[in-house]
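Data from run_32.pdb: PDB, C-alpha atoms
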```
ATOM      1  CA  MET L   1     -18.890 -15.257  39.349  1.00  0.00           C
ATOM      2  CA  ILE L   2     -17.234 -11.976  38.457  1.00  0.00           C
ATOM      3  CA  GLY L   3     -13.825 -12.066  36.850  1.00  0.00           C
ATOM      4  CA  ASP L   4     -11.481 -10.326  34.455  1.00  0.00           C
ATOM      5  CA  ASN L   5      -9.942 -13.523  33.079  1.00  0.00           C
ATOM      6  CA  PRO L   6     -12.155 -15.303  30.554  1.00  0.00           C
ATOM      7  CA  LEU L   7     -10.338 -18.598  31.036  1.00  0.00           C
ATOM      8  CA  ALA L   8      -9.836 -18.863  34.793  1.00  0.00           C
ATOM      9  CA  GLY L   9     -12.744 -16.764  36.005  1.00  0.00           C
ATOM     10  CA  ILE L  10     -15.499 -17.113  33.451  1.00  0.00           C
ATOM     11  CA  ALA L  11     -14.827 -20.677  32.297  1.00  0.00           C
ATOM     12  CA  GLY L  12     -14.408 -21.724  35.938  1.00  0.00           C
ATOM     13  CA  GLY L  13     -17.663 -20.056  36.918  1.00  0.00           C
ATOM     14  CA  ARG L  14     -19.507 -21.677  34.033  1.00  0.00           C
ATOM     15  CA  GLY L  15     -17.993 -25.023  34.999  1.00  0.00           C
ATOM     16  CA  ALA L  16     -19.474 -24.537  38.478  1.00  0.00           C
ATOM     17  CA  ASP L  17     -22.866 -23.689  36.883  1.00  0.00           C
ATOM     18  CA  LEU L  18     -22.745 -20.050  38.065  1.00  0.00           C
ATOM     19  CA  HIS L  19     -23.939 -16.932  36.310  1.00  0.00           C
ATOM     20  CA  THR L  20     -20.932 -14.968  35.110  1.00  0.00           C
ATOM     21  CA  ILE L  21     -19.881 -11.371  34.561  1.00  0.00           C
ATOM     22  CA  TRP L  22     -16.678 -10.752  32.646  1.00  0.00           C
ATOM     23  CA  ILE L  23     -14.928  -7.456  33.324  1.00  0.00           C
ATOM     24  CA  ASN L  24     -13.372  -6.923  29.903  1.00  0.00           C
ATOM     25  CA  ARG L  25     -10.437  -4.582  30.420  1.00  0.00           C
ATOM     26  CA  GLY L  26      -9.152  -5.120  26.894  1.00  0.00           C
ATOM     27  CA  THR L  27      -6.329  -7.436  27.949  1.00  0.00           C
ATOM     28  CA  TRP L  28      -7.822 -10.469  26.175  1.00  0.00           C
ATOM     29  CA  PRO L  29      -8.533  -9.242  22.630  1.00  0.00           C
ATOM     30  CA  ASP L  30     -10.544 -11.615  20.454  1.00  0.00           C
ATOM     31  CA  GLN L  31     -10.866 -14.095  23.337  1.00  0.00           C
ATOM     32  CA  GLU L  32     -13.897 -16.372  23.105  1.00  0.00           C
ATOM     33  CA  HIS L  33     -16.033 -16.402  26.241  1.00  0.00           C
ATOM     34  CA  ASP L  34     -19.356 -17.684  27.463  1.00  0.00           C
ATOM     35  CA  ALA L  35     -20.096 -14.948  30.005  1.00  0.00           C
ATOM     36  CA  ASP L  36     -23.687 -14.026  30.768  1.00  0.00           C
ATOM     37  CA  TYR L  37     -22.704 -10.345  30.901  1.00  0.00           C
ATOM     38  CA  VAL L  38     -19.700  -8.354  29.706  1.00  0.00           C
ATOM     39  CA  VAL L  39     -18.813  -5.026  31.329  1.00  0.00           C
ATOM     40  CA  THR L  40     -15.809  -2.719  31.292  1.00  0.00           C
ATOM     41  CA  ASP L  41     -15.569  -1.911  34.997  1.00  0.00           C
ATOM     42  CA  VAL L  42     -16.591  -3.205  38.384  1.00  0.00           C
ATOM     43  CA  LEU L  43     -19.256  -0.515  38.866  1.00  0.00           C
ATOM     44  CA  GLN L  44     -21.186  -1.910  35.904  1.00  0.00           C
ATOM     45  CA  ALA L  45     -20.886  -5.386  37.421  1.00  0.00           C
ATOM     46  CA  MET L  46     -22.289  -4.054  40.693  1.00  0.00           C
ATOM     47  CA  GLU L  47     -25.264  -2.552  38.827  1.00  0.00           C
ATOM     48  CA  ILE L  48     -26.027  -5.948  37.298  1.00  0.00           C
ATOM     49  CA  LEU L  49     -25.832  -7.633  40.686  1.00  0.00           C
ATOM     50  CA  HIS L  50     -28.131  -5.006  42.166  1.00  0.00           C
ATOM     51  CA  ASP L  51     -30.668  -5.407  39.355  1.00  0.00           C
ATOM     52  CA  GLU L  52     -30.639  -9.221  39.648  1.00  0.00           C
ATOM     53  CA  THR L  53     -31.557  -9.251  43.346  1.00  0.00           C
TER      54      THR L  53
END
```
What do you get writing this file as structure tokens?
Amino acid sequence: MIGDNPLAGIAGGRGADLHTIWINRGTWPDQEHDADYVVTDVLQAMEILHDET
């Protein structure tokens, strides 16, 4: 699961037992999360997906 919302995207993905990548755009300062990876843009997320396959 890739998302930019730590509550809806990341928590939802974790609830579905998925690996998660949070795109942290700085809109959720000091927000707790349980993401497997944290990136700042979608290109970094794509690199992780490429490396995991």
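If only C-alpha atoms are the atoms counted, then among L:Gly26, L:Asp36, L:Gln31, L:Asp41 the closest residue to Gly13 (chain L) is L:Asp36.
Of the listed residues L:Val42, L:Leu7, L:Met1, L:Ile48, the one whose atoms come nearest to Trp28 (chain L) is L:Leu7, with distances taken using all atoms listed in the file.
Within the 12 Å cut-off around Asp17 (chain L), using all atoms listed in the file and omitting residues fewer than 3 positions from it on the same chain, the listed residues are Met1, Ile10, Ala11, Gly12, Gly13, Arg14, Thr20, Asp34, Ala35 and Asp36 of chain L.
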Enclose the full set of atoms of region 19-38 of chain L listed in the file within a box whose edges lie along x, y and z, apply 6 Å of padding to each of the six sides, and report centre and edge lengths in Å to one decimal as AutoDock Vina command-line options.
```
--center_x -15.1 --center_y -11.1 --center_z 28.4 --size_x 29.6 --size_y 25.1 --size_z 27.9
```
Nearest candidate to Glu32 (chain L) (options L:Leu18, L:Glu52, L:Pro6, L:Gln44; using all atoms listed in the file): L:Pro6
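All protein, DNA and RNA residues at most 8 Å from (-17.6, -5.9, 31.6) are Ile21, Trp22, Ile23, Asn24, Arg25, Tyr37, Val38, Val39, Thr40, Asp41, Val42, Gln44 and Ala45 of chain L, using only C-alpha atoms.
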Save out the residues we just selected, C-alpha atoms, as a CSV table (one decimal), in the coordinates of the input.
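again_17.csv was written with the following content:
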```csv
chain,number,residue,atom,x,y,z
L,21,ILE,CA,-19.9,-11.4,34.6
L,22,TRP,CA,-16.7,-10.8,32.6
L,23,ILE,CA,-14.9,-7.5,33.3
L,24,ASN,CA,-13.4,-6.9,29.9
L,25,ARG,CA,-10.4,-4.6,30.4
L,37,TYR,CA,-22.7,-10.3,30.9
L,38,VAL,CA,-19.7,-8.4,29.7
L,39,VAL,CA,-18.8,-5.0,31.3
L,40,THR,CA,-15.8,-2.7,31.3
L,41,ASP,CA,-15.6,-1.9,35.0
L,42,VAL,CA,-16.6,-3.2,38.4
L,44,GLN,CA,-21.2,-1.9,35.9
L,45,ALA,CA,-20.9,-5.4,37.4
```
With all heavy atoms as the atom set, please write region 17-28 of chain L from the structure just given, as a PDB file, in the first residue's frame.
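result.pdb written:
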```pdb
ATOM      1  N   ASP L  17      -2.853  -6.185   6.426  1.00  0.00           N
ATOM      2  CA  ASP L  17      -1.622  -6.976   6.457  1.00  0.00           C
ATOM      3  C   ASP L  17      -0.779  -6.780   5.190  1.00  0.00           C
ATOM      4  O   ASP L  17      -0.195  -7.727   4.673  1.00  0.00           O
ATOM      5  CB  ASP L  17      -1.941  -8.449   6.688  1.00  0.00           C
ATOM      6  CG  ASP L  17      -0.738  -9.206   7.237  1.00  0.00           C
ATOM      7  OD1 ASP L  17       0.093  -8.594   7.928  1.00  0.00           O
ATOM      8  OD2 ASP L  17      -0.623 -10.422   6.957  1.00  0.00           O
ATOM      9  N   LEU L  18      -0.719  -5.537   4.700  1.00  0.00           N
ATOM     10  CA  LEU L  18       0.084  -5.200   3.526  1.00  0.00           C
ATOM     11  C   LEU L  18       1.358  -4.479   3.953  1.00  0.00           C
ATOM     12  O   LEU L  18       1.404  -3.850   5.008  1.00  0.00           O
ATOM     13  CB  LEU L  18      -0.709  -4.282   2.595  1.00  0.00           C
ATOM     14  CG  LEU L  18      -2.026  -4.812   2.050  1.00  0.00           C
ATOM     15  CD1 LEU L  18      -2.752  -3.716   1.286  1.00  0.00           C
ATOM     16  CD2 LEU L  18      -1.787  -6.018   1.158  1.00  0.00           C
ATOM     17  N   HIS L  19       2.379  -4.564   3.137  1.00  0.00           N
ATOM     18  CA  HIS L  19       3.550  -3.727   3.322  1.00  0.00           C
ATOM     19  C   HIS L  19       3.145  -2.307   2.939  1.00  0.00           C
ATOM     20  O   HIS L  19       2.322  -2.110   2.045  1.00  0.00           O
ATOM     21  CB  HIS L  19       4.709  -4.189   2.448  1.00  0.00           C
ATOM     22  CG  HIS L  19       5.226  -5.527   2.839  1.00  0.00           C
ATOM     23  ND1 HIS L  19       6.148  -5.701   3.844  1.00  0.00           N
ATOM     24  CD2 HIS L  19       4.945  -6.758   2.375  1.00  0.00           C
ATOM     25  CE1 HIS L  19       6.421  -6.976   3.976  1.00  0.00           C
ATOM     26  NE2 HIS L  19       5.686  -7.654   3.094  1.00  0.00           N
ATOM     27  N   THR L  20       3.737  -1.319   3.595  1.00  0.00           N
ATOM     28  CA  THR L  20       3.287   0.051   3.379  1.00  0.00           C
ATOM     29  C   THR L  20       4.450   0.995   3.089  1.00  0.00           C
ATOM     30  O   THR L  20       5.556   0.819   3.596  1.00  0.00           O
ATOM     31  CB  THR L  20       2.533   0.572   4.613  1.00  0.00           C
ATOM     32  OG1 THR L  20       3.375   0.447   5.757  1.00  0.00           O
ATOM     33  CG2 THR L  20       1.246  -0.192   4.841  1.00  0.00           C
ATOM     34  N   ILE L  21       4.146   1.984   2.251  1.00  0.00           N
ATOM     35  CA  ILE L  21       5.068   3.078   1.962  1.00  0.00           C
ATOM     36  C   ILE L  21       4.286   4.368   2.166  1.00  0.00           C
ATOM     37  O   ILE L  21       3.266   4.597   1.511  1.00  0.00           O
ATOM     38  CB  ILE L  21       5.606   3.030   0.521  1.00  0.00           C
ATOM     39  CG1 ILE L  21       6.316   1.704   0.241  1.00  0.00           C
ATOM     40  CG2 ILE L  21       6.531   4.218   0.261  1.00  0.00           C
ATOM     41  CD1 ILE L  21       6.731   1.517  -1.213  1.00  0.00           C
ATOM     42  N   TRP L  22       4.771   5.187   3.086  1.00  0.00           N
ATOM     43  CA  TRP L  22       4.130   6.471   3.344  1.00  0.00           C
ATOM     44  C   TRP L  22       4.890   7.553   2.589  1.00  0.00           C
ATOM     45  O   TRP L  22       6.090   7.726   2.760  1.00  0.00           O
ATOM     46  CB  TRP L  22       4.151   6.773   4.835  1.00  0.00           C
ATOM     47  CG  TRP L  22       3.580   8.118   5.207  1.00  0.00           C
ATOM     48  CD1 TRP L  22       2.646   8.833   4.523  1.00  0.00           C
ATOM     49  CD2 TRP L  22       3.906   8.899   6.345  1.00  0.00           C
ATOM     50  NE1 TRP L  22       2.358   9.999   5.168  1.00  0.00           N
ATOM     51  CE2 TRP L  22       3.132  10.069   6.305  1.00  0.00           C
ATOM     52  CE3 TRP L  22       4.773   8.721   7.411  1.00  0.00           C
ATOM     53  CZ2 TRP L  22       3.200  11.055   7.267  1.00  0.00           C
ATOM     54  CZ3 TRP L  22       4.833   9.697   8.378  1.00  0.00           C
ATOM     55  CH2 TRP L  22       4.058  10.840   8.311  1.00  0.00           C
ATOM     56  N   ILE L  23       4.174   8.284   1.737  1.00  0.00           N
ATOM     57  CA  ILE L  23       4.753   9.441   1.068  1.00  0.00           C
ATOM     58  C   ILE L  23       4.525  10.628   1.993  1.00  0.00           C
ATOM     59  O   ILE L  23       3.426  11.187   2.057  1.00  0.00           O
ATOM     60  CB  ILE L  23       4.123   9.674  -0.323  1.00  0.00           C
ATOM     61  CG1 ILE L  23       4.315   8.433  -1.193  1.00  0.00           C
ATOM     62  CG2 ILE L  23       4.757  10.908  -0.968  1.00  0.00           C
ATOM     63  CD1 ILE L  23       3.624   8.507  -2.534  1.00  0.00           C
ATOM     64  N   ASN L  24       5.560  10.983   2.735  1.00  0.00           N
ATOM     65  CA  ASN L  24       5.473  12.054   3.724  1.00  0.00           C
ATOM     66  C   ASN L  24       5.739  13.386   3.033  1.00  0.00           C
ATOM     67  O   ASN L  24       6.875  13.725   2.730  1.00  0.00           O
ATOM     68  CB  ASN L  24       6.477  11.825   4.844  1.00  0.00           C
ATOM     69  CG  ASN L  24       6.383  12.872   5.927  1.00  0.00           C
ATOM     70  OD1 ASN L  24       5.627  13.819   5.832  1.00  0.00           O
ATOM     71  ND2 ASN L  24       7.176  12.691   6.959  1.00  0.00           N
ATOM     72  N   ARG L  25       4.669  14.120   2.791  1.00  0.00           N
ATOM     73  CA  ARG L  25       4.782  15.419   2.124  1.00  0.00           C
ATOM     74  C   ARG L  25       4.828  16.566   3.133  1.00  0.00           C
ATOM     75  O   ARG L  25       4.714  17.722   2.759  1.00  0.00           O
ATOM     76  CB  ARG L  25       3.618  15.608   1.174  1.00  0.00           C
ATOM     77  CG  ARG L  25       3.547  14.539   0.106  1.00  0.00           C
ATOM     78  CD  ARG L  25       2.292  14.704  -0.738  1.00  0.00           C
ATOM     79  NE  ARG L  25       2.057  13.554  -1.577  1.00  0.00           N
ATOM     80  CZ  ARG L  25       2.460  13.453  -2.825  1.00  0.00           C
ATOM     81  NH1 ARG L  25       3.139  14.425  -3.382  1.00  0.00           N
ATOM     82  NH2 ARG L  25       2.182  12.375  -3.524  1.00  0.00           N
ATOM     83  N   GLY L  26       4.968  16.236   4.410  1.00  0.00           N
ATOM     84  CA  GLY L  26       5.056  17.252   5.432  1.00  0.00           C
ATOM     85  C   GLY L  26       3.725  17.796   5.901  1.00  0.00           C
ATOM     86  O   GLY L  26       3.681  18.742   6.678  1.00  0.00           O
ATOM     87  N   THR L  27       2.628  17.196   5.466  1.00  0.00           N
ATOM     88  CA  THR L  27       1.303  17.692   5.848  1.00  0.00           C
ATOM     89  C   THR L  27       0.795  17.073   7.142  1.00  0.00           C
ATOM     90  O   THR L  27      -0.251  17.476   7.636  1.00  0.00           O
ATOM     91  CB  THR L  27       0.276  17.435   4.728  1.00  0.00           C
ATOM     92  OG1 THR L  27       0.273  16.046   4.416  1.00  0.00           O
ATOM     93  CG2 THR L  27       0.627  18.224   3.483  1.00  0.00           C
ATOM     94  N   TRP L  28       1.507  16.100   7.669  1.00  0.00           N
ATOM     95  CA  TRP L  28       1.129  15.432   8.920  1.00  0.00           C
ATOM     96  C   TRP L  28       2.288  15.501   9.901  1.00  0.00           C
ATOM     97  O   TRP L  28       2.860  14.467  10.275  1.00  0.00           O
ATOM     98  CB  TRP L  28       0.757  13.967   8.652  1.00  0.00           C
ATOM     99  CG  TRP L  28      -0.397  13.781   7.747  1.00  0.00           C
ATOM    100  CD1 TRP L  28      -0.370  13.719   6.387  1.00  0.00           C
ATOM    101  CD2 TRP L  28      -1.766  13.644   8.114  1.00  0.00           C
ATOM    102  NE1 TRP L  28      -1.629  13.546   5.901  1.00  0.00           N
ATOM    103  CE2 TRP L  28      -2.515  13.496   6.944  1.00  0.00           C
ATOM    104  CE3 TRP L  28      -2.431  13.635   9.341  1.00  0.00           C
ATOM    105  CZ2 TRP L  28      -3.880  13.339   6.954  1.00  0.00           C
ATOM    106  CZ3 TRP L  28      -3.792  13.480   9.342  1.00  0.00           C
ATOM    107  CH2 TRP L  28      -4.509  13.340   8.162  1.00  0.00           C
TER     108      TRP L  28
END
```
